[in-house]
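Peer 1: File start.txt follows (compact mmCIF, C-alpha atoms and all ligand atoms):
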# COMPACT_ATOMS: atom_id res chain seq x y z
CA MET S 224 110.77 76.85 117.98
CA LYS S 225 110.71 79.63 115.39
CA ALA S 226 108.08 82.34 115.35
CA ALA S 227 107.50 85.48 113.25
CA VAL S 228 107.02 88.31 115.71
CA VAL S 229 105.60 91.82 115.43
CA ARG S 230 107.95 93.86 117.64
CA ALA S 231 106.57 97.29 116.69
CA PHE S 232 103.65 98.46 114.50
CA GLY S 233 104.61 99.05 110.89
CA GLU S 234 108.04 97.44 111.26
CA PRO S 235 109.07 94.23 109.48
CA LEU S 236 108.32 91.04 111.42
CA VAL S 237 111.30 89.37 113.11
CA ILE S 238 111.92 85.63 113.04
CA GLU S 239 112.76 84.65 116.62
CA GLU S 240 113.77 81.47 118.38
CA ARG S 241 111.47 80.87 121.36
CA PRO S 242 110.93 78.04 123.84
CA ASP S 243 108.02 75.72 123.04
CA PRO S 244 104.93 77.07 124.82
CA GLU S 245 103.46 74.92 127.59
CA PRO S 246 99.70 74.29 127.44
CA GLY S 247 97.76 75.46 130.49
CA PRO S 248 94.52 73.87 131.73
CA GLY S 249 92.07 73.44 128.84
CA GLN S 250 94.75 74.14 126.23
CA VAL S 251 96.69 72.08 123.72
CA ARG S 252 100.02 72.68 122.02
CA VAL S 253 99.81 72.41 118.25
CA ARG S 254 102.76 71.70 115.95
CA VAL S 255 101.77 74.09 113.18
CA GLU S 256 101.97 72.55 109.69
CA ALA S 257 100.45 75.41 107.73
CA SER S 258 99.39 78.96 108.51
CA GLY S 259 97.50 81.31 106.20
CA LEU S 260 98.26 84.99 105.74
CA CYS S 261 94.99 86.88 106.21
CA HIS S 262 94.87 90.60 105.43
CA THR S 263 93.79 90.98 109.08
CA ASP S 264 97.32 89.96 110.13
CA ILE S 265 98.63 92.95 108.18
CA HIS S 266 96.13 95.25 109.91
CA ALA S 267 97.33 93.75 113.23
CA ALA S 268 101.00 94.27 112.39
CA HIS S 269 100.29 97.87 111.36
CA GLY S 270 98.09 98.67 114.36
CA ASP S 271 95.36 99.77 111.92
CA TRP S 272 92.32 99.39 114.15
CA PRO S 273 90.92 101.22 117.18
CA VAL S 274 91.57 98.20 119.43
CA ARG S 275 95.24 97.28 118.99
CA PRO S 276 97.20 94.17 119.92
CA LYS S 277 100.21 94.63 122.22
CA PRO S 278 103.65 94.04 120.68
CA PRO S 279 105.56 91.81 120.82
CA PHE S 280 103.02 89.33 119.45
CA VAL S 281 102.83 86.50 116.93
CA PRO S 282 100.07 87.08 114.35
CA GLY S 283 98.14 84.40 112.49
CA HIS S 284 94.65 82.96 112.87
CA GLU S 285 94.68 80.34 110.12
CA GLY S 286 97.08 77.97 111.87
CA VAL S 287 96.55 74.26 111.22
CA GLY S 288 98.59 71.47 112.69
CA LEU S 289 98.84 68.37 114.84
CA VAL S 290 98.07 68.31 118.54
CA GLU S 291 101.36 67.64 120.28
CA ALA S 292 100.62 68.03 124.00
CA LEU S 293 97.43 68.15 126.07
CA GLY S 294 96.92 70.55 128.97
CA GLU S 295 95.14 69.54 132.16
CA GLY S 296 91.53 68.48 131.68
CA VAL S 297 91.60 68.08 127.90
CA THR S 298 89.91 64.80 127.03
CA HIS S 299 88.20 65.27 123.68
CA LEU S 300 91.32 65.86 121.56
CA ALA S 301 94.11 63.34 121.05
CA VAL S 302 97.81 63.77 120.43
CA GLY S 303 98.40 63.55 116.67
CA GLN S 304 94.96 64.88 115.74
CA ARG S 305 94.85 67.68 113.11
CA VAL S 306 93.15 70.87 114.29
CA ALA S 307 92.64 74.39 113.01
CA VAL S 308 93.05 77.40 115.31
CA PRO S 309 90.76 80.22 114.20
CA TRP S 310 90.41 83.91 115.11
CA LEU S 311 87.89 83.01 117.83
CA GLY S 312 90.51 81.57 120.17
CA LYS S 313 88.16 81.43 123.12
CA ALA S 314 84.76 82.74 124.22
CA CYS S 315 83.14 82.64 127.66
CA GLY S 316 80.41 80.12 126.85
CA ARG S 317 78.01 81.75 129.33
CA CYS S 318 76.93 85.15 128.02
CA GLU S 319 73.79 85.88 125.97
CA HIS S 320 75.83 85.84 122.76
CA CYS S 321 77.54 82.53 123.50
CA LEU S 322 74.25 80.97 124.57
CA SER S 323 72.32 82.17 121.52
CA GLY S 324 74.66 80.88 118.82
CA TRP S 325 76.59 84.15 118.51
CA GLU S 326 79.81 83.26 120.31
CA THR S 327 81.59 85.49 117.76
CA LEU S 328 80.07 88.48 119.60
CA CYS S 329 81.20 87.37 123.08
CA GLU S 330 82.70 90.32 124.94
CA GLN S 331 85.12 88.02 126.79
CA GLN S 332 86.57 86.51 123.61
CA ILE S 333 90.29 86.20 123.00
CA ASN S 334 91.42 86.45 119.40
CA THR S 335 94.21 84.30 118.06
CA GLY S 336 97.19 86.24 116.73
CA TYR S 337 95.82 89.42 118.30
CA GLY S 338 94.95 88.93 121.97
CA CYS S 339 97.28 85.93 122.27
CA ASP S 340 100.08 84.53 120.10
CA GLY S 341 98.97 83.03 116.81
CA GLY S 342 99.95 80.71 114.02
CA TYR S 343 103.03 82.34 112.47
CA ALA S 344 105.13 79.88 114.44
CA GLU S 345 106.27 76.29 114.49
CA LYS S 346 104.27 75.70 117.68
CA MET S 347 101.25 77.43 119.15
CA LEU S 348 98.76 77.08 121.96
CA ALA S 349 95.03 76.72 121.45
CA TRP S 350 92.04 76.41 123.75
CA ALA S 351 90.89 72.87 123.14
CA ASP S 352 87.18 73.77 123.04
CA PHE S 353 87.82 76.19 120.14
CA ALA S 354 90.42 74.17 118.21
CA GLN S 355 88.45 72.78 115.29
CA PRO S 356 89.16 69.18 114.27
CA VAL S 357 90.05 69.00 110.57
CA PRO S 358 88.35 66.09 108.79
CA ASP S 359 90.49 63.40 107.18
CA GLY S 360 91.26 64.11 103.56
CA ILE S 361 91.79 67.86 103.99
CA SER S 362 95.46 68.82 103.89
CA ALA S 363 96.80 71.37 106.35
CA LEU S 364 97.65 73.73 103.47
CA GLU S 365 94.04 73.68 102.24
CA ALA S 366 92.51 73.80 105.70
CA ALA S 367 94.41 76.98 106.58
CA PRO S 368 92.56 79.46 104.31
CA LEU S 369 89.24 77.84 105.23
CA THR S 370 89.91 78.62 108.89
CA CYS S 371 89.33 82.37 108.41
CA ALA S 372 88.72 83.26 104.75
CA GLY S 373 86.35 80.31 104.40
CA VAL S 374 84.36 80.59 107.59
CA THR S 375 84.08 84.38 107.35
CA THR S 376 82.61 84.44 103.86
CA TYR S 377 80.42 81.40 104.48
CA LYS S 378 78.95 83.26 107.47
CA ALA S 379 78.60 86.53 105.52
CA LEU S 380 76.45 84.72 102.95
CA LYS S 381 74.41 83.14 105.74
CA VAL S 382 73.69 86.51 107.37
CA ALA S 383 72.76 87.91 103.96
CA GLY S 384 70.20 85.07 103.73
CA VAL S 385 71.21 84.38 100.15
CA ARG S 386 68.74 82.22 98.24
CA PRO S 387 68.74 80.65 94.78
CA ALA S 388 67.83 83.02 91.95
CA GLN S 389 69.29 86.00 93.79
CA LEU S 390 72.09 88.19 92.49
CA VAL S 391 75.04 88.44 94.90
CA ALA S 392 77.89 90.89 94.41
CA ILE S 393 81.30 89.90 95.80
CA SER S 394 83.50 92.99 96.05
CA GLY S 395 87.17 91.91 96.25
CA VAL S 396 88.29 88.49 95.05
CA GLY S 397 91.30 87.97 97.33
CA GLY S 398 91.74 85.41 100.06
CA LEU S 399 88.19 85.89 101.30
CA GLY S 400 86.56 86.67 97.98
CA HIS S 401 87.70 83.59 96.07
CA LEU S 402 85.85 81.46 98.61
CA ALA S 403 82.88 83.85 98.80
CA VAL S 404 82.29 83.39 95.06
CA GLN S 405 82.11 79.63 95.59
CA TYR S 406 79.78 79.76 98.62
CA ALA S 407 77.45 82.10 96.74
CA LYS S 408 77.34 79.63 93.85
CA ILE S 409 76.68 76.76 96.28
CA ALA S 410 73.77 78.83 97.70
CA GLY S 411 72.39 78.91 94.15
CA ALA S 412 72.92 82.61 93.48
CA THR S 413 74.00 84.39 90.33
CA VAL S 414 77.36 85.88 91.22
CA ALA S 415 78.88 89.20 90.18
CA ALA S 416 82.56 89.43 91.19
CA ILE S 417 84.35 92.77 91.39
CA ASP S 418 88.08 93.45 91.56
CA VAL S 419 90.80 95.72 90.20
CA THR S 420 93.32 93.26 88.78
CA ASP S 421 93.06 91.11 85.65
CA GLU S 422 94.29 88.00 87.51
CA LYS S 423 91.61 88.28 90.19
CA LEU S 424 88.87 88.79 87.61
CA ARG S 425 90.10 85.76 85.67
CA LEU S 426 90.21 83.71 88.88
CA ALA S 427 86.63 84.76 89.73
CA ALA S 428 85.42 83.58 86.32
CA GLU S 429 87.29 80.28 86.71
CA LEU S 430 85.61 79.76 90.09
CA GLY S 431 82.15 80.24 88.61
CA ALA S 432 81.36 83.97 88.76
CA ASP S 433 78.64 84.73 86.19
CA ILE S 434 79.47 88.41 85.83
CA VAL S 435 82.90 89.98 86.37
CA ILE S 436 83.24 93.71 86.90
CA ASP S 437 86.53 95.58 86.58
CA ALA S 438 86.16 98.42 89.08
CA ARG S 439 89.03 100.30 87.35
CA LYS S 440 87.06 100.63 84.12
CA GLU S 441 83.40 100.14 84.90
CA ASN S 442 80.87 101.81 87.18
CA VAL S 443 80.13 98.95 89.58
CA GLY S 444 76.70 100.26 90.64
CA GLU S 445 75.54 100.78 87.04
CA VAL S 446 76.62 97.33 85.90
CA LEU S 447 74.83 95.70 88.85
CA LYS S 448 71.69 97.77 88.21
CA ARG S 449 71.71 96.68 84.54
CA HIS S 450 71.35 93.15 85.93
CA GLY S 451 68.44 94.23 88.13
CA GLY S 452 70.53 95.19 91.17
CA ALA S 453 72.13 92.90 93.75
CA HIS S 454 70.08 91.29 96.51
CA ALA S 455 73.24 91.20 98.60
CA ALA S 456 76.64 92.87 98.37
CA ILE S 457 79.50 91.30 100.31
CA ALA S 458 82.17 93.98 100.86
CA LEU S 459 85.59 92.30 101.06
CA ALA S 460 87.85 94.90 99.39
CA VAL S 461 90.09 96.85 101.77
CA ASN S 462 88.92 100.17 100.41
CA ASP S 463 86.18 102.55 101.62
CA GLU S 464 85.15 103.58 98.09
CA ALA S 465 84.63 99.94 97.13
CA PHE S 466 81.97 99.69 99.88
CA GLU S 467 80.10 102.66 98.45
CA ALA S 468 80.50 101.46 94.87
CA VAL S 469 79.04 98.03 95.51
CA SER S 470 76.25 99.27 97.75
CA SER S 471 75.12 101.66 94.99
CA GLY S 472 74.33 98.53 92.98
CA LEU S 473 71.86 97.04 95.48
CA ARG S 474 68.26 96.55 94.47
CA ARG S 475 65.37 97.57 96.74
CA GLY S 476 65.40 95.47 99.91
CA GLY S 477 69.07 94.66 99.30
CA LYS S 478 71.66 93.98 101.99
CA LEU S 479 75.15 95.37 102.31
CA VAL S 480 77.30 93.00 104.35
CA MET S 481 80.44 94.71 105.65
CA VAL S 482 83.36 92.35 106.18
CA ALA S 483 86.59 94.09 105.16
CA LEU S 484 88.15 96.36 107.77
CA PRO S 485 90.14 99.16 106.09
CA ALA S 486 92.13 101.32 108.52
CA HIS S 487 89.91 104.18 109.79
CA GLY S 488 87.22 102.93 107.39
CA THR S 489 84.09 105.03 107.13
CA VAL S 490 81.25 104.74 104.66
CA ARG S 491 78.75 107.45 103.84
CA VAL S 492 75.27 105.92 103.86
CA PRO S 493 72.67 108.08 102.10
CA ILE S 494 69.73 108.17 104.51
CA PHE S 495 67.02 108.88 101.92
CA ASP S 496 67.98 106.01 99.61
CA THR S 497 68.53 103.62 102.52
CA VAL S 498 65.07 104.36 103.95
CA LEU S 499 63.11 104.49 100.69
CA ASN S 500 64.81 101.43 99.26
CA GLY S 501 64.65 99.40 102.48
CA ILE S 502 68.39 98.71 102.48
CA SER S 503 70.01 96.78 105.33
CA VAL S 504 73.60 97.39 106.41
CA ILE S 505 75.03 94.45 108.34
CA GLY S 506 78.43 93.90 109.96
CA SER S 507 79.69 90.33 109.90
CA ILE S 508 82.58 89.01 111.96
CA VAL S 509 84.15 85.60 111.22
CA GLY S 510 81.89 82.61 112.06
CA THR S 511 81.16 80.15 114.83
CA ARG S 512 82.67 76.73 115.44
CA GLN S 513 79.60 75.23 113.80
CA ASP S 514 80.07 77.44 110.73
CA LEU S 515 83.69 76.28 110.46
CA ALA S 516 82.63 72.65 110.81
CA GLU S 517 80.24 73.18 107.88
CA VAL S 518 82.99 74.85 105.82
CA PHE S 519 85.26 71.85 106.39
CA GLU S 520 82.41 69.46 105.52
CA LEU S 521 81.80 71.22 102.22
CA HIS S 522 85.49 71.07 101.37
CA ALA S 523 85.81 67.41 102.37
CA ALA S 524 82.88 66.70 100.06
CA GLY S 525 84.83 68.24 97.19
CA ARG S 526 82.53 71.24 96.78
CA THR S 527 85.08 74.03 97.21
CA GLU S 528 88.52 74.75 95.82
CA VAL S 529 91.15 76.51 97.92
CA VAL S 530 93.57 78.56 95.83
CA TYR S 531 96.85 79.15 97.64
CA GLU S 532 100.57 79.64 97.21
CA ALA S 533 102.79 77.87 99.77
CA ARG S 534 105.74 79.86 101.14
CA PRO S 535 108.33 79.52 103.91
CA LEU S 536 107.67 81.50 107.09
CA ALA S 537 111.05 83.22 106.65
CA SER S 538 109.60 85.08 103.63
CA VAL S 539 106.84 86.65 105.75
CA ASN S 540 107.77 90.29 105.06
CA ASP S 541 107.95 89.80 101.28
CA CYS S 542 104.60 88.01 101.47
CA VAL S 543 102.99 90.95 103.30
CA ASP S 544 104.23 93.30 100.56
CA GLU S 545 102.83 91.03 97.86
CA VAL S 546 99.40 90.99 99.50
CA LEU S 547 99.45 94.79 99.81
CA ARG S 548 100.37 95.12 96.12
CA GLY S 549 97.47 92.76 95.23
CA GLU S 550 99.84 90.32 93.53
CA VAL S 551 98.83 87.14 95.33
CA LYS S 552 96.56 84.84 93.36
CA ALA S 553 94.26 84.29 96.37
CA ARG S 554 95.91 83.24 99.64
CA ILE S 555 99.50 82.80 100.82
CA VAL S 556 99.93 79.88 103.21
CA PHE S 557 103.13 79.45 105.19
CA ASP S 558 104.34 75.87 104.99
CA LEU S 559 106.13 75.27 108.28
CA GLY S 560 108.16 72.60 106.57
CA TRP S 561 107.86 69.71 109.03
CA GLY S 562 107.51 67.33 106.10
CA ARG S 563 110.90 68.29 104.67
P1 LIG S 601 93.06 90.38 100.23
O1 LIG S 601 94.08 91.44 100.18
O2 LIG S 601 93.47 88.96 99.96
O3 LIG S 601 91.86 90.69 99.22
C1 LIG S 601 91.38 91.99 98.95
C2 LIG S 601 90.94 92.03 97.49
O4 LIG S 601 90.31 93.28 97.21
C3 LIG S 601 92.10 91.89 96.51
O5 LIG S 601 91.81 90.90 95.55
C4 LIG S 601 92.18 93.26 95.86
O6 LIG S 601 92.65 93.21 94.51
C5 LIG S 601 90.71 93.68 95.93
N1 LIG S 601 90.48 95.14 95.77
C6 LIG S 601 91.29 96.16 96.14
N2 LIG S 601 90.69 97.36 95.82
C7 LIG S 601 89.48 97.04 95.28
C8 LIG S 601 88.41 97.83 94.77
N3 LIG S 601 88.44 99.15 94.77
N4 LIG S 601 87.31 97.17 94.31
C9 LIG S 601 87.26 95.82 94.31
N5 LIG S 601 88.25 95.03 94.77
C10 LIG S 601 89.36 95.64 95.24
O7 LIG S 601 92.40 90.46 101.68
P2 LIG S 601 91.57 89.36 102.49
O8 LIG S 601 92.51 88.54 103.31
O9 LIG S 601 90.59 88.71 101.59
O10 LIG S 601 90.81 90.30 103.57
C11 LIG S 601 89.94 91.32 103.13
C12 LIG S 601 89.50 92.19 104.29
O11 LIG S 601 88.62 91.45 105.13
C13 LIG S 601 90.61 92.70 105.20
O12 LIG S 601 90.32 94.05 105.57
C14 LIG S 601 90.53 91.81 106.40
O13 LIG S 601 91.02 92.40 107.59
C15 LIG S 601 89.04 91.61 106.48
N6 LIG S 601 88.59 90.42 107.22
C16 LIG S 601 87.46 90.56 107.93
C17 LIG S 601 86.97 89.46 108.60
C18 LIG S 601 85.69 89.57 109.37
O14 LIG S 601 85.38 88.65 110.11
N7 LIG S 601 84.92 90.61 109.19
C19 LIG S 601 87.64 88.23 108.55
C20 LIG S 601 88.78 88.13 107.79
C21 LIG S 601 89.27 89.25 107.10
ZN ZN S 602 91.37 86.44 108.91
ZN ZN S 603 80.42 84.80 125.87
Show the structure stored in the file as structure tokens.
Peer 2:
Amino acid sequence: MKAAVVRAFGEPLVIEERPDPEPGPGQVRVRVEASGLCHTDIHAAHGDWPVRPKPPFVPGHEGVGLVEALGEGVTHLAVGQRVAVPWLGKACGRCEHCLSGWETLCEQQINTGYGCDGGYAEKMLAWADFAQPVPDGISALEAAPLTCAGVTTYKALKVAGVRPAQLVAISGVGGLGHLAVQYAKIAGATVAAIDVTDEKLRLAAELGADIVIDARKENVGEVLKRHGGAHAAIALAVNDEAFEAVSSGLRRGGKLVMVALPAHGTVRVPIFDTVLNGISVIGSIVGTRQDLAEVFELHAAGRTEVVYEARPLASVNDCVDEVLRGEVKARIVFDLGWGR
């Protein structure tokens, strides 16, 4: 099978021929049909974060495909069933986080495409208990972006406690942001979308954003304040200044939800304003299996639109450059080409 491999941080990925992986106990082998390119994969390939993966590794945590082989003890998945393999590859199931509905905080977790090989490959392994069945009617290409971009932004809006009649600011309308705009609309909010390219701002308006703010030309905080200030700001742009810009537009009692993970990212939080204005700063990491099930349900019900461009895996390095230049409409999804 073919896989795109990070051999060294900051170097182009290498397409390699590898033997099909054998599922161990509790695992399944998935024939990957589609695999999304999340900006996190670029951070992984660059070694951007304090905790680094160990090259060589296969990135990718939006892999979707058909179960091809069952490891020992797997009874609830069937060969031929379509599953998605998210960032949360495995959690312990026993710790306080796992037991309280916060498996995403489990200290024993293994992350797909980071702590184990991921979805930039024709075949991959998944732990059966964390491989999410994809409902009928959702194509692999559409399911892929939902598997991280979808679940992450759906969860970010949940932790922000967004309610109807609130103003929500979505900073960055890329892979994550284009879905965040839609979940905020579904929650009943008025949505202000912020980006730095004309295409992304147009896309945000098409997807239902009520206010679009061009951060190149406008003062984000002032525009939000003119609308009364945001109840929640979801920070998805890979840029420290964008965090500060959007949080300056919060109203009293507002919540800044940090999601993007710029390399060495640091935000200056003014203590006086944070205290006097009762501002909350919240970190939000992906979502649980239940969150992903809800994301798939919404999509199967026709309530969300996934915007993607399908590409061959062999173009992975060009695709990374396009994402870094901000030229992708929303999400690139590798089509592993089994249908052809
Ligand atoms: P992306 O590159 O598709 O989207 C980023 C968007 O931000 C682009 O549309 C870009 O034009 C826009 N942008 C750039 N500068 C801006 C600025 N100054 N103001 C406003 N917008 C600006 O990336 P993505 O795949 O959506 O991922 C975004 C970030 O979220 C990455 O850092 C990724 O690692 C992180 N992430 C976090 C989680 C989590 O669980 N916390 C999950 C997935 C991804
Ligand atoms: Zn991701
Ligand atoms: Zn745990």
Peer 1: Go through S:Val469, S:Ala292, S:Ala458, S:Leu399 one by one, measure the shortest atom-to-atom distance of each to ligand LIG 601 (chain S) using only C-alpha atoms and all ligand atoms, and give the residue with the smallest value.
Peer 2: S:Leu399
Peer 1: For Ala537 in chain S, please output as a PyMOL selection string all residues within 8 Å (counting all atoms listed in the file; exclusion window: fewer than 3 positions along the same chain).
Peer 2: chain S and resi 227+238+540
Peer 1: Between S:Pro368, S:Gly411, S:Gly294, S:Gly336, which is the closest to Gly397 in chain S once you count all atoms listed in the file?
Peer 2: S:Pro368
Peer 1: Would you list the residues that come within 7 Å of ligand LIG 601 (chain S)? Count only C-alpha atoms and all ligand atoms and give the answer as a VMD selection string.
Peer 2: chain S and resid 261 to 263 266 371 to 372 375 394 to 400 417 to 420 423 438 459 to 462 464 to 465 482 to 485 507 to 509 546 to 547 549 553 to 554
Peer 1: Within 10 Å of ligand ZN 603 (chain S), which residues of chain S come that close, and what is the closest atom pair and distance in Å for each? Count all atoms listed in the file and give it as a Markdown table.
Peer 2:
| residue | atom | partner | partner_atom | distance |
| --- | --- | --- | --- | --- |
| S:Lys313 | CA | S:ZN603 | ZN | 8.9 |
| S:Ala314 | CA | S:ZN603 | ZN | 5.1 |
| S:Cys315 | CA | S:ZN603 | ZN | 3.9 |
| S:Gly316 | CA | S:ZN603 | ZN | 4.8 |
| S:Arg317 | CA | S:ZN603 | ZN | 5.2 |
| S:Cys318 | CA | S:ZN603 | ZN | 4.1 |
| S:Glu319 | CA | S:ZN603 | ZN | 6.7 |
| S:His320 | CA | S:ZN603 | ZN | 5.6 |
| S:Cys321 | CA | S:ZN603 | ZN | 4.4 |
| S:Leu322 | CA | S:ZN603 | ZN | 7.4 |
| S:Ser323 | CA | S:ZN603 | ZN | 9.6 |
| S:Gly324 | CA | S:ZN603 | ZN | 9.9 |
| S:Trp325 | CA | S:ZN603 | ZN | 8.3 |
| S:Glu326 | CA | S:ZN603 | ZN | 5.8 |
| S:Thr327 | CA | S:ZN603 | ZN | 8.2 |
| S:Leu328 | CA | S:ZN603 | ZN | 7.3 |
| S:Cys329 | CA | S:ZN603 | ZN | 3.9 |
| S:Glu330 | CA | S:ZN603 | ZN | 6.0 |
| S:Gln331 | CA | S:ZN603 | ZN | 5.8 |
| S:Gln332 | CA | S:ZN603 | ZN | 6.8 |
Peer 1: Just the residues within 8 Å of range 341-358 of chain S, please, counting all atoms listed in the file, with nothing from its chain fewer than 3 positions along; format it as a ChimeraX atom specification.
Peer 2: /S:224-228,243-246,249-256,258,280-287,297,300,304-309,311-313,335-337,361,366,512,515-516,519-520,523,536,557,559
Peer 1: Identify the residues around (72.6, 91.6, 87.1) within a radius of 9 Å, measuring from only C-alpha atoms in the coordinates stated by the file, and give them as number ranges by chain.
Peer 2: S: 390-391, 413-415, 434, 446-453
Peer 1: Give me the residues near Ala383 in chain S as a list in words, where near means some atom within 10 Å (using all atoms listed in the file) and where sequence neighbours in that chain fewer than 6 positions away do not count.
Peer 2: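 Surrounding residues, per the criterion: Val391, His454, Ala455, Ala456, Ile457, Gly477, Lys478, Leu479, Val480, Ser503, Val504, Ile505 and Ser507 of chain S.
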Peer 1: Please report the interatomic distance between CA of Ala427 in chain S and CA of Val404 in chain S in Å with one decimal.
Peer 2: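 Straight-line distance from CA of Ala427 in chain S to CA of Val404 in chain S works out to 7.0 Å.
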Peer 1: Using 8 Å of padding on each side, determine the axis-aligned box around all atoms of range 501-512 of chain S present in the file and give its centre and edge lengths in Å to one decimal, as JSON.
Peer 2:
{"center_x": 74.4, "center_y": 88.1, "center_z": 109.0, "size_x": 35.5, "size_y": 38.7, "size_z": 29.0}
Peer 1: Suppose you want the space between CA of Asp421 in chain S and CA of Asp264 in chain S; what is it in Å?
Peer 2: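 Interatomic distance, CA of Asp421 in chain S to CA of Asp264 in chain S: 24.9 Å.
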Peer 1: Would you mind telling me which residue in S:Gly431, S:Gly510, S:Gly476, S:Pro387 lies nearest to ligand ZN 602 (chain S) when using all atoms listed in the file?
Peer 2: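 Under the stated criterion, the closest residue is S:Gly510.
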